Each structure stands twice: as C-alpha cells, then as structure tokens.
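Have a look at structure.pdb below; it lists PDB, C-alpha atoms and all ligand atoms.
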```
ATOM      1  CA  VAL A 106      -6.137   2.768  28.628
ATOM      2  CA  THR A 107      -3.680   3.036  31.546
ATOM      3  CA  ASN A 108      -3.593   6.146  33.730
ATOM      4  CA  LEU A 109      -5.487   7.949  31.012
ATOM      5  CA  GLY A 110      -9.160   7.111  30.659
ATOM      6  CA  GLU A 111     -10.511   6.449  27.175
ATOM      7  CA  PHE A 112     -11.847   9.977  26.759
ATOM      8  CA  GLU A 113      -8.629  11.603  27.957
ATOM      9  CA  LEU A 114      -6.670   9.394  25.538
ATOM     10  CA  ILE A 115      -8.948  10.402  22.650
ATOM     11  CA  ASP A 116      -8.333  14.068  23.578
ATOM     12  CA  GLU A 117      -4.586  13.390  23.660
ATOM     13  CA  LEU A 118      -4.619  11.557  20.309
ATOM     14  CA  THR A 119      -6.662  14.343  18.716
ATOM     15  CA  ARG A 120      -3.912  16.793  19.673
ATOM     16  CA  HIS A 121      -1.546  14.761  17.453
ATOM     17  CA  LEU A 122      -3.669  15.548  14.387
ATOM     18  CA  ASP A 123      -4.570  18.649  12.431
ATOM     19  CA  PRO A 124      -8.161  19.882  12.916
ATOM     20  CA  PRO A 125     -10.594  19.084  10.059
ATOM     21  CA  LEU A 126     -10.694  21.659   7.265
ATOM     22  CA  GLU A 127     -14.479  21.580   7.064
ATOM     23  CA  GLY A 128     -17.350  19.730   8.700
ATOM     24  CA  LEU A 129     -17.166  17.805  11.951
ATOM     25  CA  GLY A 130     -14.199  15.705  13.026
ATOM     26  CA  ILE A 131     -13.347  13.823  16.218
ATOM     27  CA  GLY A 132     -15.487  14.683  19.238
ATOM     28  CA  ASP A 133     -19.088  14.190  18.178
ATOM     29  CA  ASP A 134     -21.081  10.968  17.731
ATOM     30  CA  ALA A 135     -20.014  10.751  14.081
ATOM     31  CA  ALA A 136     -17.898  12.644  11.566
ATOM     32  CA  ALA A 137     -19.551  14.726   8.855
ATOM     33  CA  TRP A 138     -18.370  16.448   5.686
ATOM     34  CA  THR A 139     -19.680  17.573   2.319
ATOM     35  CA  PRO A 140     -18.938  15.042  -0.443
ATOM     36  CA  ALA A 141     -17.834  16.724  -3.675
ATOM     37  CA  PRO A 142     -20.702  17.076  -6.175
ATOM     38  CA  GLY A 143     -20.531  14.756  -9.226
ATOM     39  CA  LYS A 144     -17.988  12.459  -7.554
ATOM     40  CA  LEU A 145     -17.913   8.781  -6.743
ATOM     41  CA  ALA A 146     -17.110   7.862  -3.115
ATOM     42  CA  VAL A 147     -14.340   5.228  -2.900
ATOM     43  CA  ALA A 148     -13.888   3.428   0.427
ATOM     44  CA  THR A 149     -11.409   0.880   1.727
ATOM     45  CA  THR A 150     -10.398  -0.553   5.089
ATOM     46  CA  ASP A 151      -7.495  -2.600   6.361
ATOM     47  CA  MET A 152      -6.755  -4.242   9.690
ATOM     48  CA  LEU A 153      -3.237  -4.799  11.015
ATOM     49  CA  ILE A 154      -2.670  -7.267  13.874
ATOM     50  CA  GLU A 155       0.500  -7.467  15.929
ATOM     51  CA  GLY A 156       2.342 -10.738  15.317
ATOM     52  CA  ILE A 157       0.612 -11.272  11.971
ATOM     53  CA  HIS A 158       1.079  -8.028  10.032
ATOM     54  CA  PHE A 159       3.756  -6.297  12.092
ATOM     55  CA  ARG A 160       6.165  -6.836  14.974
ATOM     56  CA  LEU A 161       6.885  -4.183  17.566
ATOM     57  CA  ASP A 162      10.409  -5.467  18.206
ATOM     58  CA  TRP A 163      11.594  -3.927  14.929
ATOM     59  CA  THR A 164       8.816  -1.531  13.959
ATOM     60  CA  THR A 165       8.551   1.862  15.658
ATOM     61  CA  PRO A 166       5.032   3.046  16.546
ATOM     62  CA  ARG A 167       5.571   6.068  14.303
ATOM     63  CA  ASP A 168       6.430   3.891  11.284
ATOM     64  CA  LEU A 169       3.479   1.668  12.131
ATOM     65  CA  GLY A 170       1.145   4.676  12.030
ATOM     66  CA  TRP A 171       2.541   5.707   8.648
ATOM     67  CA  LYS A 172       2.204   2.196   7.228
ATOM     68  CA  SER A 173      -1.344   1.671   8.554
ATOM     69  CA  LEU A 174      -2.487   4.682   6.567
ATOM     70  CA  ALA A 175      -0.198   3.940   3.593
ATOM     71  CA  VAL A 176      -1.683   0.512   2.848
ATOM     72  CA  ASN A 177      -5.150   2.052   2.629
ATOM     73  CA  LEU A 178      -3.987   5.014   0.540
ATOM     74  CA  SER A 179      -2.387   2.527  -1.858
ATOM     75  CA  ASP A 180      -5.792   0.936  -2.461
ATOM     76  CA  LEU A 181      -7.223   4.369  -3.317
ATOM     77  CA  ALA A 182      -4.243   4.983  -5.637
ATOM     78  CA  ALA A 183      -5.025   1.702  -7.409
ATOM     79  CA  MET A 184      -8.570   2.982  -8.069
ATOM     80  CA  GLY A 185      -7.358   6.356  -9.364
ATOM     81  CA  ALA A 186      -9.095   7.945  -6.358
ATOM     82  CA  ARG A 187      -8.105  10.858  -4.135
ATOM     83  CA  PRO A 188      -8.018  10.826  -0.321
ATOM     84  CA  GLY A 189      -9.928  11.405   1.751
ATOM     85  CA  HIS A 190     -11.171  11.062   5.226
ATOM     86  CA  ALA A 191      -9.893   8.359   7.570
ATOM     87  CA  LEU A 192     -11.287   6.670  10.691
ATOM     88  CA  ILE A 193      -8.709   4.948  12.873
ATOM     89  CA  SER A 194      -9.593   2.302  15.453
ATOM     90  CA  LEU A 195      -7.107   0.904  17.943
ATOM     91  CA  ALA A 196      -7.315  -2.101  20.293
ATOM     92  CA  LEU A 197      -4.646  -1.238  22.855
ATOM     93  CA  LEU A 198      -3.012  -3.220  25.637
ATOM     94  CA  PRO A 199      -2.673  -1.621  29.077
ATOM     95  CA  GLY A 200       0.331   0.717  29.043
ATOM     96  CA  GLN A 201       0.180   1.518  25.313
ATOM     97  CA  ALA A 202      -1.148   5.090  25.531
ATOM     98  CA  GLN A 203       2.286   6.535  24.683
ATOM     99  CA  LEU A 204       2.636   4.080  21.790
ATOM    100  CA  ALA A 205      -0.760   5.220  20.484
ATOM    101  CA  GLU A 206       0.331   8.850  20.545
ATOM    102  CA  GLU A 207       3.521   8.053  18.587
ATOM    103  CA  LEU A 208       1.478   5.983  16.147
ATOM    104  CA  TYR A 209      -0.767   8.998  15.560
ATOM    105  CA  ASP A 210       2.330  11.113  14.828
ATOM    106  CA  GLY A 211       3.207   8.645  12.063
ATOM    107  CA  VAL A 212      -0.351   8.797  10.735
ATOM    108  CA  ARG A 213      -0.146  12.596  10.699
ATOM    109  CA  ASP A 214       3.215  12.516   8.812
ATOM    110  CA  LEU A 215       1.588  10.759   5.866
ATOM    111  CA  ALA A 216      -1.863  12.363   6.240
ATOM    112  CA  ALA A 217      -0.281  15.805   5.886
ATOM    113  CA  ARG A 218       1.603  14.732   2.742
ATOM    114  CA  THR A 219      -1.454  13.247   1.070
ATOM    115  CA  GLY A 220      -4.313  15.569   2.032
ATOM    116  CA  THR A 221      -5.927  12.934   4.238
ATOM    117  CA  GLN A 222      -7.993  14.050   7.217
ATOM    118  CA  VAL A 223      -8.424  11.793  10.229
ATOM    119  CA  VAL A 224     -11.983  12.497  11.384
ATOM    120  CA  GLY A 225     -12.738   9.773  13.904
ATOM    121  CA  GLY A 226     -12.343   6.211  15.074
ATOM    122  CA  ASP A 227     -12.490   4.174  18.242
ATOM    123  CA  THR A 228     -10.106   3.042  20.968
ATOM    124  CA  VAL A 229     -10.723  -0.046  23.074
ATOM    125  CA  ARG A 230      -8.736  -2.002  25.635
ATOM    126  CA  THR A 231      -7.617  -5.528  24.773
ATOM    127  CA  PRO A 232      -5.573  -8.224  26.544
ATOM    128  CA  GLY A 233      -3.693  -8.399  23.239
ATOM    129  CA  PRO A 234      -2.542  -8.382  20.556
ATOM    130  CA  LEU A 235      -2.457  -4.739  19.421
ATOM    131  CA  ILE A 236      -4.854  -4.148  16.512
ATOM    132  CA  ILE A 237      -5.013  -1.137  14.203
ATOM    133  CA  ASN A 238      -7.875  -0.656  11.797
ATOM    134  CA  VAL A 239      -7.971   2.188   9.297
ATOM    135  CA  ALA A 240     -11.049   2.964   7.211
ATOM    136  CA  LEU A 241     -10.418   5.423   4.394
ATOM    137  CA  ILE A 242     -12.923   7.189   2.177
ATOM    138  CA  GLY A 243     -11.866   9.079  -0.927
ATOM    139  CA  ASP A 244     -13.442  10.172  -4.178
ATOM    140  CA  ALA A 245     -13.025   9.658  -7.900
ATOM    141  CA  ASP A 246     -14.621  10.878 -11.105
ATOM    142  CA  PRO A 247     -17.359   8.367 -12.019
ATOM    143  CA  ASP A 248     -16.001   7.888 -15.564
ATOM    144  CA  ARG A 249     -12.346   7.830 -14.475
ATOM    145  CA  LEU A 250     -12.168   4.842 -12.141
ATOM    146  CA  LEU A 251      -9.306   2.323 -12.371
ATOM    147  CA  ARG A 252     -10.531  -1.251 -11.906
ATOM    148  CA  ARG A 253      -9.108  -4.772 -11.888
ATOM    149  CA  ASP A 254     -11.539  -6.081 -14.470
ATOM    150  CA  ALA A 255     -10.747  -3.830 -17.433
ATOM    151  CA  ALA A 256      -7.619  -5.424 -18.984
ATOM    152  CA  GLU A 257      -7.955  -6.114 -22.716
ATOM    153  CA  PRO A 258      -6.036  -8.455 -25.042
ATOM    154  CA  GLY A 259      -3.180  -6.523 -26.633
ATOM    155  CA  ASP A 260      -2.661  -4.307 -23.570
ATOM    156  CA  LEU A 261       0.813  -4.029 -22.115
ATOM    157  CA  LEU A 262       1.461  -4.505 -18.390
ATOM    158  CA  VAL A 263       3.391  -1.738 -16.644
ATOM    159  CA  LEU A 264       4.811  -1.377 -13.122
ATOM    160  CA  THR A 265       5.305   2.070 -11.555
ATOM    161  CA  GLY A 266       8.616   1.209  -9.865
ATOM    162  CA  PRO A 267      10.943  -1.413  -8.394
ATOM    163  CA  VAL A 268       9.427  -4.431  -6.636
ATOM    164  CA  GLY A 269      10.877  -6.698  -3.974
ATOM    165  CA  ALA A 270      12.393  -3.961  -1.770
ATOM    166  CA  SER A 271       9.926  -4.457   1.086
ATOM    167  CA  GLY A 272      10.287  -8.245   0.940
ATOM    168  CA  ALA A 273      14.069  -7.861   1.043
ATOM    169  CA  GLY A 274      13.771  -5.505   4.029
ATOM    170  CA  LEU A 275      11.594  -8.064   5.815
ATOM    171  CA  ALA A 276      14.066 -10.865   5.024
ATOM    172  CA  LEU A 277      16.839  -8.795   6.634
ATOM    173  CA  LEU A 278      14.710  -8.209   9.735
ATOM    174  CA  LEU A 279      13.772 -11.896  10.004
ATOM    175  CA  ALA A 280      17.452 -12.841   9.744
ATOM    176  CA  ASP A 281      19.054 -10.132  11.915
ATOM    177  CA  GLY A 282      16.221  -8.493  13.882
ATOM    178  CA  PRO A 283      16.739  -4.803  14.709
ATOM    179  CA  ALA A 284      20.497  -5.274  13.981
ATOM    180  CA  ALA A 285      19.508  -5.318  10.282
ATOM    181  CA  LEU A 286      19.595  -1.511  10.514
ATOM    182  CA  THR A 287      23.379  -1.598  10.610
ATOM    183  CA  ARG A 288      23.776  -3.747   7.453
ATOM    184  CA  PRO A 289      25.343  -1.738   4.608
ATOM    185  CA  GLY A 290      22.801  -1.207   1.846
ATOM    186  CA  ALA A 291      19.898  -2.155   4.133
ATOM    187  CA  ALA A 292      18.480   1.344   4.695
ATOM    188  CA  PRO A 293      16.430   1.731   1.483
ATOM    189  CA  LEU A 294      15.061  -1.823   1.831
ATOM    190  CA  LEU A 295      14.038  -1.271   5.455
ATOM    191  CA  ALA A 296      12.529   2.110   4.530
ATOM    192  CA  ALA A 297      10.497   0.415   1.786
ATOM    193  CA  HIS A 298       9.231  -2.077   4.364
ATOM    194  CA  HIS A 299       8.487   0.417   7.158
ATOM    195  CA  ARG A 300       7.431   3.538   5.254
ATOM    196  CA  PRO A 301       5.942   2.506   1.890
ATOM    197  CA  VAL A 302       4.898   5.444  -0.288
ATOM    198  CA  PRO A 303       1.448   5.049  -1.876
ATOM    199  CA  GLN A 304       1.442   5.936  -5.590
ATOM    200  CA  LEU A 305      -1.445   8.422  -5.391
ATOM    201  CA  ALA A 306      -0.107  10.906  -7.955
ATOM    202  CA  VAL A 307       0.500   8.174 -10.549
ATOM    203  CA  GLY A 308      -2.900   6.580  -9.893
ATOM    204  CA  ALA A 309      -4.601   9.950 -10.388
ATOM    205  CA  ALA A 310      -2.564  10.574 -13.558
ATOM    206  CA  LEU A 311      -3.488   7.154 -15.010
ATOM    207  CA  ALA A 312      -7.168   7.844 -14.321
ATOM    208  CA  GLU A 313      -6.858  11.302 -15.853
ATOM    209  CA  LEU A 314      -5.262   9.749 -18.967
ATOM    210  CA  GLY A 315      -8.397   7.611 -19.341
ATOM    211  CA  LEU A 316      -6.718   4.286 -18.567
ATOM    212  CA  ARG A 317      -9.059   1.683 -17.078
ATOM    213  CA  CYS A 318      -7.200  -1.065 -15.273
ATOM    214  CA  ALA A 319      -4.839  -1.097 -12.275
ATOM    215  CA  ILE A 320      -4.104  -2.959  -9.041
ATOM    216  CA  ASP A 321      -1.673  -2.172  -6.236
ATOM    217  CA  VAL A 322       1.135  -4.610  -5.451
ATOM    218  CA  SER A 323       0.400  -5.567  -1.847
ATOM    219  CA  ASP A 324       1.025  -9.326  -2.200
ATOM    220  CA  GLY A 325       3.756  -9.653  -4.832
ATOM    221  CA  VAL A 326       3.592  -9.183  -8.596
ATOM    222  CA  ALA A 327       2.648 -12.798  -9.427
ATOM    223  CA  SER A 328      -0.351 -12.780  -7.117
ATOM    224  CA  GLU A 329      -1.548  -9.307  -8.199
ATOM    225  CA  ALA A 330      -1.246 -10.312 -11.871
ATOM    226  CA  ARG A 331      -3.449 -13.344 -11.063
ATOM    227  CA  HIS A 332      -6.100 -11.097  -9.443
ATOM    228  CA  LEU A 333      -6.080  -8.799 -12.466
ATOM    229  CA  ALA A 334      -6.200 -11.676 -14.963
ATOM    230  CA  ARG A 335      -9.056 -13.403 -13.113
ATOM    231  CA  ALA A 336     -11.133 -10.223 -12.768
ATOM    232  CA  SER A 337     -10.614  -9.311 -16.439
ATOM    233  CA  GLY A 338     -10.947 -12.846 -17.842
ATOM    234  CA  VAL A 339      -7.630 -12.623 -19.660
ATOM    235  CA  ALA A 340      -4.307 -14.455 -19.960
ATOM    236  CA  VAL A 341      -1.298 -12.429 -18.861
ATOM    237  CA  GLU A 342       2.380 -13.008 -19.660
ATOM    238  CA  ILE A 343       5.053 -11.555 -17.392
ATOM    239  CA  ASP A 344       8.651 -11.487 -18.556
ATOM    240  CA  VAL A 345      10.473 -11.894 -15.233
ATOM    241  CA  ASP A 346      13.697 -10.554 -16.772
ATOM    242  CA  SER A 347      12.000  -7.180 -17.226
ATOM    243  CA  LEU A 348      10.877  -6.827 -13.591
ATOM    244  CA  PRO A 349      12.596  -3.774 -12.067
ATOM    245  CA  LEU A 350      14.552  -5.022  -9.019
ATOM    246  CA  PRO A 351      16.108  -2.767  -6.368
ATOM    247  CA  GLY A 352      19.900  -2.809  -6.739
ATOM    248  CA  GLU A 353      20.356  -3.243  -2.961
ATOM    249  CA  ALA A 354      18.220  -6.415  -2.952
ATOM    250  CA  VAL A 355      20.220  -7.895  -5.834
ATOM    251  CA  ALA A 356      23.510  -6.954  -4.104
ATOM    252  CA  LEU A 357      22.505  -8.485  -0.741
ATOM    253  CA  PHE A 358      20.518 -11.554  -1.867
ATOM    254  CA  GLY A 359      21.523 -12.282  -5.450
ATOM    255  CA  ARG A 360      19.372 -11.856  -8.534
ATOM    256  CA  GLU A 361      17.339 -15.067  -8.250
ATOM    257  CA  ARG A 362      16.224 -14.464  -4.660
ATOM    258  CA  ALA A 363      15.553 -10.764  -5.395
ATOM    259  CA  LEU A 364      13.316 -11.950  -8.231
ATOM    260  CA  GLU A 365      11.386 -14.250  -5.873
ATOM    261  CA  MET A 366      10.947 -11.327  -3.486
ATOM    262  CA  ALA A 367       9.520  -9.249  -6.338
ATOM    263  CA  LEU A 368       7.154 -12.006  -7.464
ATOM    264  CA  SER A 369       5.916 -13.171  -4.067
ATOM    265  CA  GLY A 370       7.380 -10.917  -1.351
ATOM    266  CA  GLY A 371       4.610  -8.373  -1.216
ATOM    267  CA  GLU A 372       4.064  -4.956   0.384
ATOM    268  CA  ASP A 373       5.772  -2.944  -2.341
ATOM    269  CA  TYR A 374       2.678  -0.812  -3.029
ATOM    270  CA  GLN A 375       3.684  -0.006  -6.581
ATOM    271  CA  LEU A 376       0.856  -0.040  -9.128
ATOM    272  CA  LEU A 377       0.517  -2.668 -11.843
ATOM    273  CA  PHE A 378      -1.596  -1.294 -14.703
ATOM    274  CA  THR A 379      -2.455  -1.965 -18.325
ATOM    275  CA  VAL A 380      -2.045   0.302 -21.354
ATOM    276  CA  PRO A 381      -3.269  -0.273 -24.910
ATOM    277  CA  ALA A 382      -0.074  -0.823 -26.941
ATOM    278  CA  ALA A 383      -0.847   2.147 -29.209
ATOM    279  CA  ARG A 384      -0.862   4.498 -26.192
ATOM    280  CA  LEU A 385       2.291   3.200 -24.472
ATOM    281  CA  LYS A 386       4.686   6.002 -25.495
ATOM    282  CA  GLU A 387       2.246   8.753 -24.639
ATOM    283  CA  VAL A 388       1.385   7.222 -21.229
ATOM    284  CA  LEU A 389       4.999   6.513 -20.254
ATOM    285  CA  SER A 390       6.125  10.041 -21.050
ATOM    286  CA  ALA A 391       3.123  11.487 -19.156
ATOM    287  CA  ILE A 392       3.900   9.589 -15.948
ATOM    288  CA  ASP A 393       7.689   9.615 -16.244
ATOM    289  CA  PRO A 394       8.063  12.651 -13.930
ATOM    290  CA  LEU A 395       6.016  10.836 -11.234
ATOM    291  CA  CYS A 396       7.571   7.364 -11.151
ATOM    292  CA  ARG A 397       9.985   4.935 -12.858
ATOM    293  CA  PRO A 398       7.679   2.906 -15.107
ATOM    294  CA  SER A 399       8.714  -0.461 -16.617
ATOM    295  CA  VAL A 400       6.855  -2.595 -19.143
ATOM    296  CA  VAL A 401       6.840  -6.089 -17.583
ATOM    297  CA  GLY A 402       4.460  -8.083 -19.749
ATOM    298  CA  ARG A 403       1.329  -8.149 -21.867
ATOM    299  CA  VAL A 404      -2.227  -9.384 -22.039
ATOM    300  CA  SER A 405      -2.001 -12.230 -24.539
ATOM    301  CA  GLY A 406      -5.691 -13.041 -24.998
ATOM    302  CA  ARG A 407      -9.020 -13.828 -23.399
ATOM    303  CA  HIS A 408      -9.053 -16.602 -20.797
ATOM    304  CA  ALA A 409     -12.082 -17.466 -18.698
ATOM    305  CA  GLY A 410     -11.013 -17.515 -15.051
ATOM    306  CA  GLY A 411      -7.739 -15.782 -15.871
ATOM    307  CA  ALA A 412      -4.224 -17.148 -16.328
ATOM    308  CA  VAL A 413      -0.712 -15.898 -15.649
ATOM    309  CA  ALA A 414       2.401 -17.208 -17.366
ATOM    310  CA  LEU A 415       5.848 -16.222 -16.104
ATOM    311  CA  THR A 416       8.567 -16.410 -18.720
ATOM    312  CA  LEU A 417      12.355 -16.040 -18.646
ATOM    313  CA  ALA A 418      14.073 -15.613 -22.010
ATOM    314  CA  GLY A 419      10.993 -17.083 -23.678
ATOM    315  CA  ALA A 420      10.889 -20.253 -21.508
ATOM    316  CA  PRO A 421       8.418 -20.886 -18.669
ATOM    317  CA  TYR A 422       9.695 -19.685 -15.282
ATOM    318  CA  ASP A 423       8.690 -21.479 -12.073
ATOM    319  CA  ALA A 424       8.120 -19.136  -9.149
ATOM    320  CA  ALA A 425       7.944 -20.177  -5.526
ATOM    321  CA  PRO A 426       4.386 -19.460  -4.377
ATOM    322  CA  GLY A 427       5.352 -18.521  -0.788
ATOM    323  CA  TYR A 428       4.222 -15.284   0.771
ATOM    324  CA  THR A 429       5.270 -14.282   4.283
ATOM    325  CA  ALA A 430       3.185 -11.637   5.974
ATOM    326  CA  PHE A 431       4.808  -9.466   8.660
TER     327      PHE A 431
HETATM  328 MG    MG B 501      -5.167  -3.514  -3.258
END
```
Here is the file; what I need is its structure written in the form of structure tokens.
Ligand SMILES: [Mg+2]
Amino acid sequence: VTNLGEFELIDELTRHLDPPLEGLGIGDDAAAWTPAPGKLAVATTDMLIEGIHFRLDWTTPRDLGWKSLAVNLSDLAAMGARPGHALISLALLPGQAQLAEELYDGVRDLAARTGTQVVGGDTVRTPGPLIINVALIGDADPDRLLRRDAAEPGDLLVLTGPVGASGAGLALLLADGPAALTRPGAAPLLAAHHRPVPQLAVGAALAELGLRCAIDVSDGVASEARHLARASGVAVEIDVDSLPLPGEAVALFGRERALEMALSGGEDYQLLFTVPAARLKEVLSAIDPLCRPSVVGRVSGRHAGGAVALTLAGAPYDAAPGYTAF
C-alpha cells in the first residue's frame, strides 16, 4: 500500500491475528472450515466508510478495528447466533499500512474475547476515503433462532441495558472534538461510542430460553421498534419514562435530550426483545447476571404494516426523528 506491497502487508496484518484453530485461514485462495453438524449458518456484513460512519480525527485505528467487528457481532447476537469466522476487507489510502496494522490489533482484541476467527479478506488501494468491510459468519440452532418477525400481542418489550450512551458520546465529540476526552463524566459515553460491547451472551441465553424475537439497537430504540413492529405485523407501545438512560448522559445533557439520544441516537448495540408476559419473571432472573434488563413497553395488538406509539405518563410523546451517523 506504501513501501509495503499488498502481499507483504497481508503477511504483516496476519501477524496481528491468532492462527485459525482448524481448517485454512489467510494465505490460500479461500478460507475453509468444518461447519458444525445440525447447525444453521448465520451471516452478516457491514461496511464502514470514513466521513460517513467514522472520523479518524477522534477515532483511533485500534478502536475502529474493535467497532468494525462489534457491529457485526451485534447482528449475530440479535439472532441468538454464535461467532464465527470473519473476513475483513480494507480500501486503504497510500501511507495507511501502519493504521491497518493498528486496526487489526483492535479487531484481535474483540475477536479474542468473543471466539471469532479472522480467516481472510482483501486489501486494495484507494484514493479515499478509507473503507472497512467485515463479513461475519456464525451459527445457531435451527429451532433457536431469534427473529424480528416473531413478536406476539401480549408480549412485553425488554431492553438489555442503557441506551443513548453512544449518541451522547458522539454529541460530545461533535461539540468538542478530541477535547471531549477531558470532559468530566465523558469517559463512559465515549467508550460506549468507540468500543461498543455486542450482547452475545444475552442473545445466546434468550435463544436458549426459547424466546423468538429480538433486534439489536443500531439506529435508536424508536427506529428498531418500528422494524420489529413492521416485521411482526404488530402495534408496539413504548413508555419513554421506562427507558434506561445512562446517568452521565442525563447529567451532561439533561433528561429530555438524553431521551432523544436513546430514541434516535443509535449505535448502542443493546438488544430489544419480546417476552410473553407469563414468562417475564423467569426470563429476567435468567439473564440478570448477564445484563441490566428493563421492561420498556408491550405489544398491544396486531397491526398490518406495524405501528409504534411512544407514551409519556400515558400521553403520546413526540420524538424527533433525526439520526446522525458518525
Ligand atoms: Mg441489526
């Protein structure tokens, strides 16, 4: 890409990863492994483009590597699937070989924690912008898949943890740039934005419990609830007063703005899932050691095309529809 040729760079990048446990990894024409017998393959891919999905002036390459893998792992978590093998493709500008190596260190940080193996990919030169594409393949039990289209009237809606932290972190960065790091109370919000933690253990537990319906919160709770409602053909009510907000976001931005960040900020990567009311206690106590679950609403009935109503103290609540991606 600069002094290094493509093949030397691939060799360098491979040294930043652990070797594959079985099968063939980086270095042949394609990767190969044995899929588990009796399993369903679950695949997802996500592309991140500099200037649209991230900015290098306040994101380190290592955090960027972590996040590139995290957003894909979150989609597997939302399916109740396990990772997995990943293929990582980079479009690099001249002079970005060192950046690519640091990015791979960030990928390895999260890969090692989640049992993900990076088995291949591609690197190309580009005049810009930097592009990172991760393809991730995992597996699930065929009769234990979490889907968007399985919500039923009478189900309760549950979130696995606080929402709005990443949006608050982004708001700090947009206002202050890298100086946001020095703001008191900013650290957990910036960490949520730069190093989101995919809820793989909770997703697997929900699938194991026989639940059917989940989605990950990549675009804000309001938008994810709409996806779920549309796919399931149901009407959903969300009580905005019950949304778990990070204390730091409320302290820095006030409750109303923190609420907007939760509803439309995005990139929190919590799971939003449904539970039949009769199973609520059992499910909450089962997942309590893994996350901080909150009941945030309910499925109020069937509705062709889906519908979401936000309420505050029983009255309709108007949310700003805005979503900023960075
Ligand atoms: Mg998703």
Can you translate the PyMOL selection byres (((not hetatm)) within 10 of (chain B and resi 501)) into the concrete residues it hits in this file, as a ChimeraX atom specification?
/A:149,151,176-184,253,319-324,329,332,374,376
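When you apply the PyMOL selection byres (((chain A and resi 254) around 8) and not hetatm) to this structure, what comes back is Arg252, Arg253, Ala255, Ala256, Cys318, Leu333, Ala334, Arg335, Ala336, Ser337 and Gly338 of chain A.
Taken over the shown file, the PyMOL selection byres (((chain A and resi 257) around 8) and not hetatm) identifies Ala255, Ala256, Pro258, Gly259, Asp260, Ser337, Val339, Pro381, Val404, Gly406 and Arg407 of chain A.
For the choices A:Pro166, A:Gly132, A:Pro351, A:Gly274, the atom-to-atom distance to Phe112 of chain A is smallest for A:Gly132 when using all atoms listed in the file.
Of the residues under consideration (A:Pro301, A:Gly411, A:Gly225, A:Pro394), A:Gly411 shows the shortest atom-to-atom contact distance to Val341 of chain A when counting all atoms listed in the file.
For the residues A:Gly370, A:Ala205, A:Leu305, A:Leu311, ranking by smallest atom-to-atom distance to Ala276 of chain A using only C-alpha atoms places A:Gly370 first.
The two atoms in question, atom CA of Thr221 of chain A and atom CA of Pro188 of chain A, are spaced 5.4 Å apart.
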